[in-house]
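Trainee: Here you go, start_22.csv (CSV, C-alpha atoms and all ligand atoms):
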```csv
chain,number,residue,atom,x,y,z
Z,22,MET,CA,-8.3,11.1,-24.5
Z,23,ASN,CA,-9.0,10.0,-28.0
Z,24,VAL,CA,-6.9,6.9,-28.8
Z,25,HIS,CA,-7.0,7.7,-32.5
Z,26,GLU,CA,-5.2,11.0,-31.8
Z,27,LEU,CA,-2.5,9.3,-29.9
Z,28,ASN,CA,0.8,9.0,-31.6
Z,29,VAL,CA,1.7,5.6,-30.1
Z,30,PRO,CA,5.0,5.1,-31.9
Z,31,GLU,CA,6.1,8.6,-30.7
Z,32,ILE,CA,5.1,7.7,-27.1
Z,33,LEU,CA,7.2,4.5,-27.3
Z,34,LYS,CA,10.2,6.3,-28.9
Z,35,SER,CA,10.1,9.2,-26.4
Z,36,ALA,CA,10.2,6.6,-23.6
Z,37,GLY,CA,13.3,5.1,-25.1
Z,38,LEU,CA,11.6,1.9,-26.4
Z,39,ARG,CA,12.0,0.5,-29.9
Z,40,VAL,CA,8.7,0.5,-31.8
Z,41,THR,CA,7.5,-3.0,-32.6
Z,42,PRO,CA,4.1,-4.0,-34.0
Z,43,GLN,CA,3.4,-5.9,-30.8
Z,44,ARG,CA,4.2,-3.0,-28.5
Z,45,ASP,CA,2.3,-0.6,-30.7
Z,46,ALA,CA,-0.8,-2.9,-30.8
Z,47,ILE,CA,-0.8,-3.7,-27.1
Z,48,LEU,CA,-0.3,-0.1,-26.0
Z,49,ARG,CA,-3.1,1.1,-28.4
Z,50,HIS,CA,-5.3,-1.6,-27.0
Z,51,ILE,CA,-4.7,-0.6,-23.3
Z,52,PHE,CA,-5.3,3.1,-24.1
Z,53,ALA,CA,-8.5,2.2,-26.0
Z,54,CYS,CA,-9.8,0.1,-23.1
Z,55,ARG,CA,-8.6,2.8,-20.6
Z,56,GLY,CA,-6.5,0.1,-18.8
Z,57,HIS,CA,-7.2,-1.7,-15.5
Z,58,MET,CA,-6.7,-5.1,-17.1
Z,59,THR,CA,-4.7,-8.1,-16.0
Z,60,ALA,CA,-2.0,-9.4,-18.4
Z,61,ASP,CA,-4.2,-12.4,-19.1
Z,62,GLU,CA,-7.2,-10.2,-20.0
Z,63,ILE,CA,-5.1,-8.2,-22.3
Z,64,TYR,CA,-3.7,-11.4,-23.9
Z,65,ARG,CA,-7.2,-12.8,-24.4
Z,66,SER,CA,-8.8,-9.6,-25.7
Z,67,MET,CA,-5.9,-9.2,-28.2
Z,68,GLN,CA,-6.5,-12.5,-29.9
Z,69,SER,CA,-8.7,-11.0,-32.5
Z,70,ILE,CA,-6.2,-8.2,-33.2
Z,71,LEU,CA,-3.0,-10.1,-33.2
Z,72,PRO,CA,-3.7,-13.8,-33.5
Z,73,ASN,CA,0.0,-14.8,-33.4
Z,74,LEU,CA,0.7,-12.9,-30.2
Z,75,SER,CA,2.1,-15.2,-27.5
Z,76,VAL,CA,1.5,-14.9,-23.7
Z,77,SER,CA,5.1,-14.3,-23.0
Z,78,THR,CA,5.2,-11.5,-25.6
Z,79,VAL,CA,2.3,-9.9,-23.8
Z,80,TYR,CA,4.0,-10.3,-20.4
Z,81,ASN,CA,7.3,-9.0,-21.6
Z,82,THR,CA,5.7,-6.0,-23.4
Z,83,LEU,CA,3.7,-5.1,-20.3
Z,84,LYS,CA,6.9,-5.2,-18.3
Z,85,ASN,CA,8.7,-3.0,-20.8
Z,86,LEU,CA,5.9,-0.5,-20.9
Z,87,SER,CA,5.5,-0.2,-17.2
Z,88,GLU,CA,9.2,0.0,-16.6
Z,89,ALA,CA,9.3,2.8,-19.1
Z,90,GLY,CA,6.5,4.6,-17.2
Z,91,ILE,CA,4.0,4.6,-20.1
Z,92,ILE,CA,1.6,2.4,-18.2
Z,93,ARG,CA,1.4,1.7,-14.5
Z,94,GLU,CA,1.4,-1.7,-12.9
Z,95,ILE,CA,-0.9,-1.8,-9.9
Z,96,LYS,CA,-0.3,-4.7,-7.5
Z,97,PHE,CA,-3.4,-5.6,-5.7
Z,98,GLY,CA,-3.0,-7.4,-2.4
Z,99,ASP,CA,-4.9,-10.4,-3.7
Z,100,GLY,CA,-4.3,-11.7,-7.1
Z,101,ALA,CA,-2.8,-10.5,-10.4
Z,102,SER,CA,-1.5,-7.0,-11.2
Z,103,LEU,CA,-3.6,-4.7,-13.2
Z,104,PHE,CA,-2.1,-2.5,-15.9
Z,105,ASP,CA,-3.4,1.0,-15.8
Z,106,ALA,CA,-3.4,3.5,-18.7
Z,107,ASN,CA,-3.5,6.3,-16.2
Z,108,THR,CA,0.0,6.9,-14.9
Z,109,SER,CA,-0.8,9.9,-12.7
Z,110,PRO,CA,-0.8,9.1,-9.0
Z,111,HIS,CA,-4.3,7.9,-8.2
Z,112,HIS,CA,-6.1,5.3,-6.1
Z,113,HIS,CA,-8.8,2.8,-6.7
Z,114,PHE,CA,-12.2,2.1,-5.4
Z,115,VAL,CA,-13.2,-1.6,-6.0
Z,116,CYS,CA,-16.9,-2.6,-5.9
Z,117,LYS,CA,-17.3,-5.8,-3.9
Z,118,SER,CA,-20.5,-6.6,-5.7
Z,119,CYS,CA,-19.8,-6.1,-9.4
Z,120,GLY,CA,-16.0,-5.7,-9.3
Z,121,LYS,CA,-16.1,-2.3,-11.0
Z,122,LEU,CA,-13.0,-0.2,-10.5
Z,123,ILE,CA,-13.2,3.5,-10.1
Z,124,ASP,CA,-10.1,5.8,-10.2
Z,125,PHE,CA,-10.0,8.5,-7.6
Z,126,PHE,CA,-7.5,11.2,-6.6
Z,127,LEU,CA,-6.6,12.4,-3.2
Z,128,PRO,CA,-5.9,16.2,-2.8
Z,129,SER,CA,-2.7,15.2,-0.9
Z,130,THR,CA,-1.1,11.9,-0.3
Z,131,PRO,CA,0.3,11.3,3.2
Z,132,ASN,CA,4.0,11.6,3.4
Z,133,LEU,CA,5.3,8.3,4.6
Z,134,ALA,CA,9.0,9.1,4.4
Z,135,HIS,CA,9.4,9.4,8.1
Z,136,ILE,CA,7.6,6.2,8.8
Z,137,ALA,CA,9.7,4.4,6.2
Z,138,GLU,CA,12.8,5.7,7.9
Z,139,GLU,CA,11.6,4.6,11.4
Z,140,GLU,CA,10.4,1.2,10.2
Z,141,LYS,CA,13.5,0.8,7.9
Z,142,PHE,CA,11.6,-0.1,4.7
Z,143,GLN,CA,11.9,1.3,1.3
Z,144,ILE,CA,8.7,2.5,-0.4
Z,145,GLU,CA,8.5,1.8,-4.1
Z,146,ASP,CA,4.9,2.6,-4.8
Z,147,MET,CA,1.9,3.6,-2.9
Z,148,HIS,CA,-1.6,2.7,-3.9
Z,149,ILE,CA,-4.8,2.9,-1.8
Z,150,GLU,CA,-7.4,0.4,-2.5
Z,151,VAL,CA,-10.9,1.2,-1.1
Z,152,THR,CA,-13.6,-1.3,-1.3
Z,153,GLY,CA,-17.4,-1.0,-1.0
Z,154,LEU,CA,-20.4,-0.7,-3.2
Z,155,CYS,CA,-20.6,1.4,-6.4
Z,156,ASN,CA,-23.5,3.6,-7.2
Z,157,ASP,CA,-25.0,1.1,-9.6
Z,158,CYS,CA,-25.0,-1.7,-7.0
Z,159,LEU,CA,-26.3,0.7,-4.4
Z,160,SER,CA,-29.3,1.7,-6.5
Z,161,VAL,CA,-30.1,-2.0,-7.3
Z,162,GLN,CA,-30.1,-2.7,-3.6
Z,163,GLY,CA,-32.3,0.3,-2.9
Z,164,ASN,CA,-34.9,-0.9,-5.4
Z,165,SER,CA,-35.1,-4.5,-4.2
S,1,ZN,ZN,-20.9,-2.4,-8.3
S,2,ZN,ZN,-6.5,3.5,-12.3
```
Take the structure in this file and express it as C-alpha cells.
Ligand SMILES: [Zn+2]
Ligand SMILES: [Zn+2]
Mentor:
Amino acid sequence: MNVHELNVPEILKSAGLRVTPQRDAILRHIFACRGHMTADEIYRSMQSILPNLSVSTVYNTLKNLSEAGIIREIKFGDGASLFDANTSPHHHFVCKSCGKLIDFFLPSTPNLAHIAEEEKFQIEDMHIEVTGLCNDCLSVQGNS
C-alpha cells in the first residue's frame, strides 16, 4: 500500500466523515506508519506535522476514524489501545524482548457464538495476542 496513492479525503467521505485537515493528516500519518501506535504516540509523532494539534483532537479523531471502520482500535489486556491501519481481521504476535508487533492471520477463527450464548456475554471484538520472541531476538540469543 503506497500512502501517496491513497485518496485520504475520499476514504473519509465514503465512510461518512467530514474531511478536516486534522483527520486528513492523522489518517495519512497512520497509513504511512502502518499503524500499531497508541494515541499518545500518534500525538507526539504528529507534532512536527501539525504543531497546533491538541491531544483531545487526536483522541477524538481516532475515535471517529475507528468508529467509521477506517482504522481498528485494538485493546490489549494491559495498557493503552493501539490503532491499526489494517482493518481486516487479524491477530498480533508481540515480542516480549523488543516489543515488536507482527500481524498474523488465522485460516479460520473459532466460532464463539455458542459459547457466548451459553455464558450470556456479548462479543464485540475478538483479537488474539500471542507473545514470545521474534526472529531478530531469537538470532541475537543464538549468537550470544
Ligand atoms: Zn524481538
Ligand atoms: Zn495489526
Trainee: Using all atoms listed in the file, which residue out of Z:Lys121, Z:His50, Z:Arg39, Z:His112 lies closest to ligand ZN 1 (chain S)?
Mentor: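 Among Z:Lys121, Z:His50, Z:Arg39, Z:His112, it is Z:Lys121 that comes nearest to ligand ZN 1 (chain S).
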Trainee: List all protein, DNA and RNA residues that have at least one atom no more than 8 Å from any atom of ligand ZN 2 (chain S), counting only C-alpha atoms and all ligand atoms, and write them as a list in words.
Mentor: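 Taking only C-alpha atoms and all ligand atoms into account, the residues around ligand ZN 2 (chain S) at most 8 Å away are Gly56, His57, Asp105, Ala106, Asn107, Thr108, His111, His112, His113, Leu122, Ile123, Asp124 and Phe125 of chain Z.
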Trainee: Let me see if you get this right: every residue at most 12 Å from ligand ZN 1 (chain S), counting only C-alpha atoms and all ligand atoms, written as a PyMOL selection string.
Mentor: chain Z and resi 114-123+152-162
Trainee: Quick one: of Z:Gln143, Z:Arg65, Z:Pro72, Z:Met58, who's nearest to Ser102 (chain Z), counting all atoms listed in the file?
Mentor: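 Checking each of Z:Gln143, Z:Arg65, Z:Pro72, Z:Met58 against Ser102 (chain Z), counting all atoms listed in the file, the winner is Z:Met58.
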Trainee: For a test of reading the model, state the distance in Å between CA of Gly90 (chain Z) and CA of Glu140 (chain Z), rounded to one decimal.
Mentor: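 Answer for the CA of Gly90 (chain Z) to CA of Glu140 (chain Z) separation: 27.9 Å.
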Trainee: Go through Z:Ser35, Z:Ser87, Z:Asn73, Z:Ser109 and flag the residue nearest Ile51 (chain Z), using all atoms listed in the file for the distances.
Mentor: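 Checking each of Z:Ser35, Z:Ser87, Z:Asn73, Z:Ser109 against Ile51 (chain Z), counting all atoms listed in the file, the winner is Z:Ser87.
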Trainee: Which value, in Å to one decimal, gives the distance between CA of Val76 (chain Z) and CA of Pro42 (chain Z)?
Mentor: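 These atoms are spaced 15.2 Å apart.
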Trainee: Please determine, counting only C-alpha atoms, which residue among Z:Leu86, Z:Thr59, Z:Tyr64, Z:Val79 has the shortest atom-to-atom distance to Ile32 (chain Z).
Mentor: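 Smallest separation from Ile32 (chain Z) among the options: Z:Leu86.
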Trainee: At most 8 Å from (4.0, 1.4, -7.1), file frame, only C-alpha atoms: which residues, as a list of chain:residue names?
Mentor: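 Those residues lying close to the given coordinates are Z:Arg93, Z:Glu94, Z:Ile95, Z:Lys96, Z:Glu145, Z:Asp146, Z:Met147, Z:His148.
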Trainee: Output C-alpha atoms for every residue in the selection just made, as an mmCIF file, in the coordinates of the input.
Mentor:
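Saved result, again.cif, follows:
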```cif
data_model
loop_
_atom_site.group_PDB
_atom_site.id
_atom_site.type_symbol
_atom_site.label_atom_id
_atom_site.label_comp_id
_atom_site.auth_asym_id
_atom_site.auth_seq_id
_atom_site.Cartn_x
_atom_site.Cartn_y
_atom_site.Cartn_z
ATOM 1 C CA ARG Z 93 1.400 1.700 -14.500
ATOM 2 C CA GLU Z 94 1.400 -1.700 -12.900
ATOM 3 C CA ILE Z 95 -0.900 -1.800 -9.900
ATOM 4 C CA LYS Z 96 -0.300 -4.700 -7.500
ATOM 5 C CA GLU Z 145 8.500 1.800 -4.100
ATOM 6 C CA ASP Z 146 4.900 2.600 -4.800
ATOM 7 C CA MET Z 147 1.900 3.600 -2.900
ATOM 8 C CA HIS Z 148 -1.600 2.700 -3.900
#
```
Trainee: If you measure from CA of Ala89 (chain Z) to CA of Val40 (chain Z), what distance in Å do you get, rounded to one decimal?
Mentor: 12.9 Å
Trainee: Calculated over only C-alpha atoms, which of the candidates Z:Ile144, Z:Ile70, Z:Val151, Z:Ile47 has the smallest distance to Ile91 (chain Z)?
Mentor: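 Once distances to Ile91 (chain Z) are computed over only C-alpha atoms, the minimum belongs to Z:Ile47.
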